[in-house]
file data-v9.txt (compact mmCIF, C-alpha atoms)
# COMPACT_ATOMS: atom_id res chain seq x y z
CA MET A 247 21.04 -8.06 65.14
CA SER A 248 21.19 -4.87 63.10
CA GLU A 249 21.80 -1.59 64.82
CA LEU A 250 18.95 0.89 64.91
CA GLN A 251 19.47 3.58 62.36
CA LYS A 252 19.63 7.19 63.56
CA ARG A 253 18.89 10.20 61.41
CA GLN A 254 19.32 13.86 62.29
CA ILE A 255 16.07 15.59 61.34
CA GLN A 256 15.49 19.32 61.14
CA LEU A 257 12.03 19.75 62.60
CA GLU A 258 10.58 23.12 61.62
CA VAL A 259 7.71 23.78 64.03
CA LEU A 260 5.20 26.60 64.00
CA ARG A 261 5.23 28.38 67.34
CA TYR A 262 2.67 30.81 68.69
CA ASN A 263 2.18 32.01 72.23
CA PRO A 264 -0.85 34.32 72.43
CA GLU A 265 0.55 35.96 75.58
CA THR A 266 3.83 37.11 74.04
CA ASP A 267 3.64 36.75 70.24
CA THR A 268 1.82 39.05 67.86
CA ALA A 269 2.08 36.54 65.00
CA PRO A 270 3.04 32.88 64.56
CA ARG A 271 6.73 32.14 63.84
CA TYR A 272 8.78 29.07 63.01
CA GLN A 273 11.38 27.43 65.19
CA THR A 274 13.70 24.69 63.97
CA TYR A 275 14.87 21.86 66.23
CA SER A 276 17.60 19.37 65.34
CA VAL A 277 16.26 15.98 66.45
CA PRO A 278 18.15 12.65 66.44
CA CYS A 279 15.44 10.30 65.17
CA LEU A 280 15.32 6.55 64.98
CA ASP A 281 14.15 5.34 61.62
CA GLU A 282 10.95 3.76 62.92
CA TRP A 283 9.88 6.93 64.72
CA VAL A 284 6.83 8.92 63.82
CA VAL A 285 6.62 12.72 63.87
CA LEU A 286 4.96 12.54 67.29
CA ASP A 287 8.08 10.79 68.67
CA ALA A 288 10.19 13.64 67.33
CA LEU A 289 7.89 16.19 68.98
CA ASN A 290 8.07 14.27 72.25
CA TYR A 291 11.88 14.31 71.98
CA VAL A 292 11.78 18.09 71.57
CA LYS A 293 9.44 18.45 74.57
CA ASP A 294 11.51 16.12 76.78
CA HIS A 295 15.03 17.17 75.81
CA LEU A 296 15.13 20.46 73.91
CA ASP A 297 12.21 22.75 74.68
CA PRO A 298 9.57 22.00 77.35
CA THR A 299 7.51 25.04 76.27
CA LEU A 300 6.34 23.39 73.04
CA SER A 301 2.58 22.69 73.12
CA TYR A 302 0.72 20.02 71.15
CA ARG A 303 -2.05 17.52 71.79
CA TRP A 304 -1.57 13.79 71.89
CA SER A 305 -2.71 10.81 73.86
CA CYS A 306 -2.76 7.27 72.49
CA HIS A 307 0.16 7.17 70.01
CA MET A 308 -1.75 4.57 67.96
CA ALA A 309 -4.21 6.39 65.70
CA VAL A 310 -7.18 5.75 67.96
CA CYS A 311 -7.71 8.92 69.99
CA GLY A 312 -7.55 11.42 67.13
CA SER A 313 -5.76 14.09 69.20
CA CYS A 314 -2.51 14.64 67.31
CA GLY A 315 -3.83 15.95 63.99
CA MET A 316 -1.49 18.53 62.44
CA MET A 317 -0.05 19.62 59.11
CA VAL A 318 3.10 17.65 58.26
CA ASN A 319 4.81 19.20 55.23
CA GLY A 320 1.50 20.92 54.47
CA GLU A 321 -0.64 17.77 54.56
CA PRO A 322 -3.15 16.98 57.30
CA LYS A 323 -1.75 13.96 59.19
CA LEU A 324 -1.94 12.26 62.53
CA ALA A 325 1.54 12.88 63.98
CA CYS A 326 1.46 9.32 65.35
CA LYS A 327 0.92 7.88 61.86
CA ALA A 328 3.41 10.06 59.96
CA PHE A 329 6.57 7.93 59.78
CA ILE A 330 9.90 9.75 59.71
CA HIS A 331 11.28 7.35 57.08
CA GLU A 332 8.69 8.64 54.60
CA TYR A 333 10.12 12.15 54.78
CA ALA A 334 13.34 13.97 53.83
CA ASP A 335 15.64 15.34 56.55
CA GLN A 336 13.67 18.58 56.83
CA ILE A 337 10.09 18.24 58.13
CA LYS A 338 7.70 21.13 58.60
CA VAL A 339 5.05 20.78 61.30
CA GLU A 340 2.16 23.22 61.63
CA PRO A 341 -1.21 23.26 63.39
CA MET A 342 -4.23 21.99 61.42
CA ALA A 343 -5.27 24.35 58.64
CA ASN A 344 -8.70 26.05 58.77
CA PHE A 345 -8.74 26.13 62.60
CA PRO A 346 -7.76 29.04 64.85
CA ILE A 347 -4.45 28.46 66.65
CA GLU A 348 -4.67 28.39 70.43
CA ARG A 349 -0.99 27.89 71.09
CA ASP A 350 1.83 26.33 69.01
CA LEU A 351 0.32 23.18 67.43
CA VAL A 352 -2.85 23.30 69.52
CA THR A 353 -5.94 24.49 67.64
CA SER A 354 -9.37 25.51 68.89
CA VAL A 355 -11.84 22.72 68.12
CA GLU A 356 -15.00 24.39 69.43
CA ASP A 357 -16.49 24.95 65.99
CA PHE A 358 -16.26 21.27 65.15
CA ILE A 359 -17.65 20.13 68.50
CA THR A 360 -20.66 22.45 68.12
CA LYS A 361 -21.30 21.18 64.60
CA LEU A 362 -20.91 17.54 65.58
CA ALA A 363 -23.39 17.97 68.44
CA SER A 364 -25.87 19.72 66.11
CA VAL A 365 -26.38 16.55 64.02
CA LYS A 366 -27.35 14.50 67.12
CA PRO A 367 -24.67 11.84 66.69
CA TYR A 368 -26.36 9.19 68.80
CA LEU A 369 -29.09 6.60 68.38
CA ILE A 370 -32.59 8.06 68.48
CA PRO A 371 -34.73 4.89 68.67
CA LYS A 372 -37.82 4.70 66.45
CA GLU A 373 -39.91 3.67 69.42
CA ASP A 374 -39.33 3.22 73.12
CA LYS A 375 -39.00 -0.42 73.95
CA PRO A 376 -39.18 -1.80 77.49
CA ILE A 377 -36.10 -3.76 78.55
CA SER A 378 -38.28 -6.87 78.87
CA ALA A 379 -38.89 -6.72 75.09
CA GLY A 380 -35.28 -7.67 74.57
CA GLU A 381 -32.42 -6.20 72.58
CA PHE A 382 -32.54 -4.47 69.21
CA LYS A 383 -31.37 -7.03 66.69
CA GLN A 384 -29.38 -6.25 63.59
CA THR A 385 -28.31 -8.46 60.70
CA PRO A 386 -24.71 -8.39 59.39
CA ALA A 387 -26.04 -6.75 56.22
CA GLU A 388 -27.67 -3.97 58.26
CA LEU A 389 -24.46 -3.46 60.22
CA LYS A 390 -22.41 -3.29 57.04
CA LYS A 391 -24.45 -0.30 55.82
CA PHE A 392 -22.92 2.01 58.42
CA LYS A 393 -19.96 0.24 60.06
CA GLN A 394 -17.34 2.08 58.04
CA TYR A 395 -18.64 5.45 59.32
CA THR A 396 -18.35 4.31 62.94
CA LEU A 397 -14.57 4.25 62.51
CA CYS A 398 -14.39 8.08 62.62
CA ILE A 399 -12.17 9.22 65.50
CA ASN A 400 -13.09 12.94 65.25
CA CYS A 401 -9.51 13.89 64.44
CA MET A 402 -10.70 16.74 62.16
CA LEU A 403 -8.09 16.07 59.48
CA CYS A 404 -10.96 16.15 56.96
CA TYR A 405 -11.79 19.72 58.02
CA ALA A 406 -8.14 20.72 57.69
CA ALA A 407 -8.12 19.23 54.17
CA CYS A 408 -11.46 20.63 53.00
CA PRO A 409 -10.99 23.75 50.83
CA GLN A 410 -14.72 24.41 51.06
CA TYR A 411 -14.60 24.58 54.88
CA GLY A 412 -11.68 27.00 54.50
CA LEU A 413 -13.78 29.24 52.26
CA VAL A 414 -17.11 28.91 54.06
CA PRO A 415 -16.57 28.44 57.82
CA GLU A 416 -20.33 27.89 58.32
CA PHE A 417 -20.12 24.62 56.34
CA LEU A 418 -21.18 21.71 58.57
CA GLY A 419 -18.26 19.73 57.19
CA PRO A 420 -17.26 16.15 56.32
CA ALA A 421 -17.03 14.38 59.70
CA ALA A 422 -20.26 15.80 61.15
CA ILE A 423 -22.28 14.89 58.04
CA SER A 424 -20.69 11.42 57.84
CA MET A 425 -21.62 10.88 61.47
CA ALA A 426 -25.21 11.97 60.76
CA HIS A 427 -25.20 9.50 57.85
CA ARG A 428 -23.86 6.78 60.14
CA TYR A 429 -26.90 7.06 62.43
CA ASN A 430 -29.35 7.62 59.57
CA GLN A 431 -28.21 4.31 58.06
CA ASP A 432 -28.58 2.43 61.34
CA SER A 433 -31.63 0.12 61.30
CA ARG A 434 -32.24 0.88 65.00
CA ASP A 435 -32.42 4.63 64.43
CA GLY A 436 -35.41 6.86 63.74
CA GLY A 437 -33.83 10.30 64.05
CA ARG A 438 -33.16 11.14 60.39
CA ASP A 439 -35.90 13.81 60.15
CA GLN A 440 -34.37 15.68 63.10
CA ARG A 441 -30.87 15.52 61.61
CA GLN A 442 -32.04 16.56 58.16
CA GLU A 443 -33.08 19.95 59.57
CA VAL A 444 -29.36 20.72 59.88
CA VAL A 445 -27.86 18.42 57.26
CA ALA A 446 -30.18 19.42 54.37
CA SER A 447 -29.75 23.18 54.94
CA ASN A 448 -27.61 25.40 52.72
CA GLU A 449 -24.75 25.26 55.23
CA GLY A 450 -25.19 21.51 55.53
CA VAL A 451 -24.36 19.00 52.84
CA TRP A 452 -25.04 21.52 50.04
CA GLU A 453 -21.85 23.48 50.69
CA CYS A 454 -19.88 20.39 49.63
CA SER A 455 -18.54 20.63 46.09
CA PHE A 456 -17.13 17.07 46.12
CA VAL A 457 -13.42 17.92 46.11
CA GLY A 458 -12.81 14.59 47.87
CA ALA A 459 -9.78 15.72 49.91
CA CYS A 460 -11.55 14.59 53.11
CA SER A 461 -11.49 10.96 52.03
CA GLU A 462 -7.88 11.19 50.89
CA VAL A 463 -6.58 12.36 54.27
CA CYS A 464 -8.87 10.27 56.50
CA PRO A 465 -6.56 8.06 58.61
CA LYS A 466 -9.36 5.56 59.28
CA HIS A 467 -10.65 5.19 55.69
CA VAL A 468 -14.12 6.41 56.62
CA ASP A 469 -14.63 7.96 53.13
CA PRO A 470 -16.59 11.03 54.21
CA ALA A 471 -16.87 12.22 50.58
CA GLY A 472 -18.76 9.04 49.72
CA ALA A 473 -21.08 9.54 52.68
CA LEU A 474 -21.80 13.12 51.63
CA GLN A 475 -22.68 12.05 48.09
CA GLN A 476 -25.13 9.50 49.47
CA VAL A 477 -26.61 12.19 51.72
CA LYS A 478 -27.02 14.49 48.69
CA VAL A 479 -28.87 11.81 46.72
CA ALA A 480 -31.17 11.02 49.66
CA SER A 481 -31.80 14.74 50.36
CA THR A 482 -32.59 15.35 46.68
CA ILE A 483 -35.12 12.50 46.68
CA ASP A 484 -36.60 14.05 49.86
CA TRP A 485 -36.90 17.43 48.15
CA TYR A 486 -38.69 16.06 45.10
CA LYS A 487 -41.01 14.01 47.31
CA GLU A 488 -41.82 16.99 49.51
CA HIS A 489 -42.46 19.39 46.63
CA LEU A 490 -43.86 17.20 43.87
CA MET A 491 -45.56 14.45 45.87
CA PRO A 492 -46.55 16.07 49.19
CA TRP A 493 -49.12 13.32 49.73
CA VAL A 494 -46.34 10.71 50.03
CA THR A 495 -44.54 12.16 53.05
CA LYS A 496 -46.11 12.46 56.47
CA MET B 105 -32.51 26.03 59.76
CA ALA B 106 -34.45 26.04 56.53
CA LYS B 107 -33.94 23.19 54.14
CA SER B 108 -32.05 24.11 51.01
CA ASN B 109 -33.55 24.33 47.53
CA LYS B 110 -30.26 23.28 45.99
CA PRO B 111 -31.57 19.75 45.30
CA ILE B 112 -33.41 21.14 42.22
CA PHE B 113 -30.12 22.05 40.59
CA TRP B 114 -28.09 19.24 42.12
CA GLY B 115 -30.66 16.69 40.92
CA LEU B 116 -30.29 17.96 37.34
CA PHE B 117 -26.51 18.13 37.82
CA ALA B 118 -26.27 14.54 39.06
CA ALA B 119 -28.63 13.14 36.41
CA GLY B 120 -26.84 15.22 33.77
CA GLY B 121 -23.47 13.94 34.89
CA THR B 122 -24.62 10.35 34.50
CA VAL B 123 -26.17 11.00 31.08
CA THR B 124 -23.20 12.93 29.70
CA ALA B 125 -20.77 10.31 31.01
CA PHE B 126 -22.55 7.74 28.83
CA VAL B 127 -23.58 9.87 25.86
CA THR B 128 -20.70 12.30 25.36
CA PRO B 129 -18.08 9.62 24.46
CA ALA B 130 -20.50 8.19 21.89
CA LEU B 131 -21.12 11.66 20.42
CA VAL B 132 -17.37 12.32 20.25
CA LEU B 133 -16.92 9.04 18.37
CA VAL B 134 -19.77 9.76 15.96
CA THR B 135 -18.43 13.28 15.31
CA LEU B 136 -14.99 11.80 14.68
CA PHE B 137 -16.50 9.40 12.14
CA ALA B 138 -18.24 12.31 10.43
CA ALA B 139 -15.01 14.34 10.38
CA MET B 140 -13.23 11.39 8.77
CA ARG B 141 -15.99 11.24 6.14
CA PHE B 142 -17.05 7.85 7.38
CA SER B 143 -20.81 8.03 7.05
CA PRO B 144 -22.70 4.78 6.79
CA ASP B 145 -26.37 4.98 5.83
CA LEU B 146 -27.55 5.37 9.41
CA PHE B 147 -25.68 8.69 9.76
CA THR B 148 -27.19 10.28 6.66
CA TYR B 149 -29.30 13.42 6.98
CA GLN B 150 -32.56 11.68 6.12
CA TYR B 151 -32.15 9.09 8.86
CA LEU B 152 -31.12 11.57 11.51
CA HIS B 153 -33.91 13.96 10.50
CA ALA B 154 -36.42 11.14 10.71
CA PHE B 155 -35.13 10.29 14.18
CA ALA B 156 -35.49 13.90 15.31
CA ALA B 157 -38.95 14.21 13.74
CA ASN B 158 -40.36 11.31 15.72
CA TRP B 159 -41.80 12.31 19.13
CA LEU B 160 -39.79 9.63 20.94
CA GLY B 161 -36.61 10.85 19.19
CA LYS B 162 -37.47 14.42 20.18
CA LEU B 163 -37.91 13.33 23.79
CA VAL B 164 -34.53 11.55 23.84
CA ILE B 165 -32.75 14.54 22.25
CA PHE B 166 -34.50 16.94 24.62
CA GLY B 167 -33.56 14.84 27.66
CA ILE B 168 -29.91 14.66 26.68
CA ILE B 169 -29.58 18.37 25.84
CA LEU B 170 -31.53 19.52 28.91
CA LEU B 171 -29.54 17.43 31.36
CA SER B 172 -26.17 18.20 29.72
CA LEU B 173 -26.91 21.93 29.80
CA TRP B 174 -27.94 21.98 33.46
CA HIS B 175 -25.06 19.73 34.40
CA ALA B 176 -22.59 22.06 32.70
CA ALA B 177 -24.22 25.14 34.26
CA HIS B 178 -23.96 23.80 37.80
CA ARG B 179 -20.42 22.49 37.22
CA LEU B 180 -19.40 25.94 35.96
CA ARG B 181 -20.98 27.62 38.99
CA VAL B 182 -18.99 25.43 41.38
CA THR B 183 -15.78 25.77 39.34
CA VAL B 184 -16.07 29.56 39.29
CA HIS B 185 -16.49 29.47 43.08
CA ASP B 186 -13.42 27.19 43.37
CA PHE B 187 -11.44 29.69 41.31
CA GLY B 188 -12.15 32.34 43.91
CA VAL B 189 -15.06 34.32 42.44
CA ARG B 190 -17.29 35.03 45.41
CA ALA B 191 -20.34 36.37 43.55
CA ASP B 192 -22.20 33.07 43.79
CA THR B 193 -25.74 34.44 43.39
CA LEU B 194 -24.82 36.46 40.28
CA VAL B 195 -22.93 33.50 38.80
CA ALA B 196 -25.90 31.23 39.53
CA TYR B 197 -28.28 33.61 37.73
CA VAL B 198 -25.97 33.84 34.70
CA VAL B 199 -25.19 30.10 34.27
CA TYR B 200 -28.71 28.89 35.08
CA GLY B 201 -30.09 31.66 32.86
CA LEU B 202 -27.98 30.38 29.97
CA ALA B 203 -29.09 26.81 30.67
CA GLY B 204 -32.71 27.98 30.79
CA LEU B 205 -32.30 29.84 27.49
CA GLY B 206 -30.71 26.74 25.95
CA THR B 207 -33.59 24.63 27.20
CA LEU B 208 -36.11 27.03 25.67
CA LEU B 209 -34.30 27.11 22.32
CA THR B 210 -34.10 23.31 22.32
CA ILE B 211 -37.86 23.09 22.76
CA ILE B 212 -38.47 25.64 19.96
CA TYR B 213 -36.09 23.97 17.51
CA LEU B 214 -37.34 20.47 18.28
CA LEU B 215 -40.95 21.54 17.77
CA ARG B 216 -40.05 23.08 14.39
CA ILE B 217 -38.61 19.81 13.03
call {"tool": "encode", "arguments": {"input": "data-v9.txt", "output": "structure tokens"}}
result
Amino acid sequence: MSELQKRQIQLEVLRYNPETDTAPRYQTYSVPCLDEWVVLDALNYVKDHLDPTLSYRWSCHMAVCGSCGMMVNGEPKLACKAFIHEYADQIKVEPMANFPIERDLVTSVEDFITKLASVKPYLIPKEDKPISAGEFKQTPAELKKFKQYTLCINCMLCYAACPQYGLVPEFLGPAAISMAHRYNQDSRDGGRDQRQEVVASNEGVWECSFVGACSEVCPKHVDPAGALQQVKVASTIDWYKEHLMPWVTK
Amino acid sequence: MAKSNKPIFWGLFAAGGTVTAFVTPALVLVTLFAAMRFSPDLFTYQYLHAFAANWLGKLVIFGIILLSLWHAAHRLRVTVHDFGVRADTLVAYVVYGLAGLGTLLTIIYLLRI
């Protein structure tokens, strides 16, 4: 049996306490890491052994809950998926870019929650069906059209990666639009017209300039950039139908 | 929230991107042939003029130039924004104005052939 390898890592963490600090600062912790650790393990070591005042969000430790999003060496990552062995001995950890800092690595997520809710991310059935009429059936092909988008865990890494969201805070953003697309593509859903009111506005999908960073950082391979391109095509067809063939719609 | 009118420009941008992706490499190749003085009969002035004089030829040329122009205009608008120029409305007027002017000139020149 081989011995577990230990590495001394210098963890440079952004600290900010709104009650005592006027500006964020960095604090470096020397952490003895096992090679199979992730950055979240290192943060937990700091919290348990070195500095209990450090604040950060986490829950599942398995890339399911989407709580531990942060910048690791400047890249948006889930701390539970960022393996120590992929980094040099100095690792810089900061709160997610493009979000206001609440305290240390904890950011305020209100903006995202408001935007997500605005696209009505739930099934809006085409027609009310009594329970006696049975379940809504779906073929594997129909499921395949949207399944990939259901994998979103709302971790907001795509917002931290999106330069457009950084420039234009009103932008609805990758995850919210992908989630709208997920329900629009669902054969059981009839709520697209309601969602388009938000999605097809200037601050909706049209702020996207297809940088594609959202899809690169997505830990669940949702490919929000792809979803947004599909939404643009569909919204463009809508526009031409509404303006050139008004007799076709409604 | 009002629905955006950006689809007008994005539609031209997307269609233009598809067209230029297919046509531009061919044009680069043909231009290279011409530069290397490789000009088979089909590339001679008479043939190309005849192509441009036919209404179907005019339509093809117009479609390619129109879509390429509007594609480039929109791409430039977004690129300028990415480079940090925050005068989006002014930039839009300038680049779309140029594309509009190019479209107009294309129509005039094609009709004169």
call {"tool": "residues_around", "arguments": {"input": "data-v9.txt", "residues": "Trp283 in chain A", "least_positions_apart": "2", "cutoff": "12 Å", "atoms": "only C-alpha atoms", "output": "list in words"}}
result
Leu250, Gln251, Lys252, Arg253, Gln254, Ile255, Val277, Pro278, Cys279, Leu280, Asp281, Val285, Leu286, Asp287, Ala288, Leu289, Asn290, Tyr291, His307, Ala325, Cys326, Lys327, Ala328, Phe329, Ile330, His331, Glu332 and Tyr333 of chain A
call {"tool": "interface_residues", "arguments": {"input": "data-v9.txt", "of": "chain B", "to": "chain A", "cutoff": "7 Å", "atoms": "all atoms listed in the file", "output": "VMD selection string"}}
result
chain B and resid 105 to 108 110 to 111 115 182
call {"tool": "write_last_selection", "arguments": {"input": "data-v9.txt", "atoms": "C-alpha atoms", "output": "PDB file, keeping the file's coordinate frame"}}
result
ATOM      1  CA  MET B 105     -32.510  26.030  59.760  1.00  0.00           C
ATOM      2  CA  ALA B 106     -34.450  26.040  56.530  1.00  0.00           C
ATOM      3  CA  LYS B 107     -33.940  23.190  54.140  1.00  0.00           C
ATOM      4  CA  SER B 108     -32.050  24.110  51.010  1.00  0.00           C
ATOM      5  CA  LYS B 110     -30.260  23.280  45.990  1.00  0.00           C
ATOM      6  CA  PRO B 111     -31.570  19.750  45.300  1.00  0.00           C
ATOM      7  CA  GLY B 115     -30.660  16.690  40.920  1.00  0.00           C
ATOM      8  CA  VAL B 182     -18.990  25.430  41.380  1.00  0.00           C
TER       9      VAL B 182
END
call {"tool": "residues_around", "arguments": {"input": "data-v9.txt", "residues": "Glu373 in chain A", "least_positions_apart": "3", "cutoff": "12 Å", "atoms": "all atoms listed in the file", "output": "ChimeraX atom specification"}}
result
/A:369-370,376,379,382,434-437
call {"tool": "atom_distance", "arguments": {"input": "data-v9.txt", "atom1": "CA of Ile112 in chain B", "atom2": "CA of Val164 in chain B"}}
result
20.8 Å
call {"tool": "atom_distance", "arguments": {"input": "data-v9.txt", "atom1": "CA of Leu418 in chain A", "atom2": "CA of Leu324 in chain A"}}
result
21.8 Å
call {"tool": "closest_residue", "arguments": {"input": "data-v9.txt", "among": "B:Ser172, B:Thr148, B:Thr210, B:Thr183", "to": "Phe126 in chain B", "atoms": "all atoms listed in the file"}}
result
B:Ser172
call {"tool": "closest_residue", "arguments": {"input": "data-v9.txt", "among": "B:Val127, B:Ile169, B:Ala156, B:Leu136", "to": "Leu208 in chain B", "atoms": "only C-alpha atoms"}}
result
B:Ile169
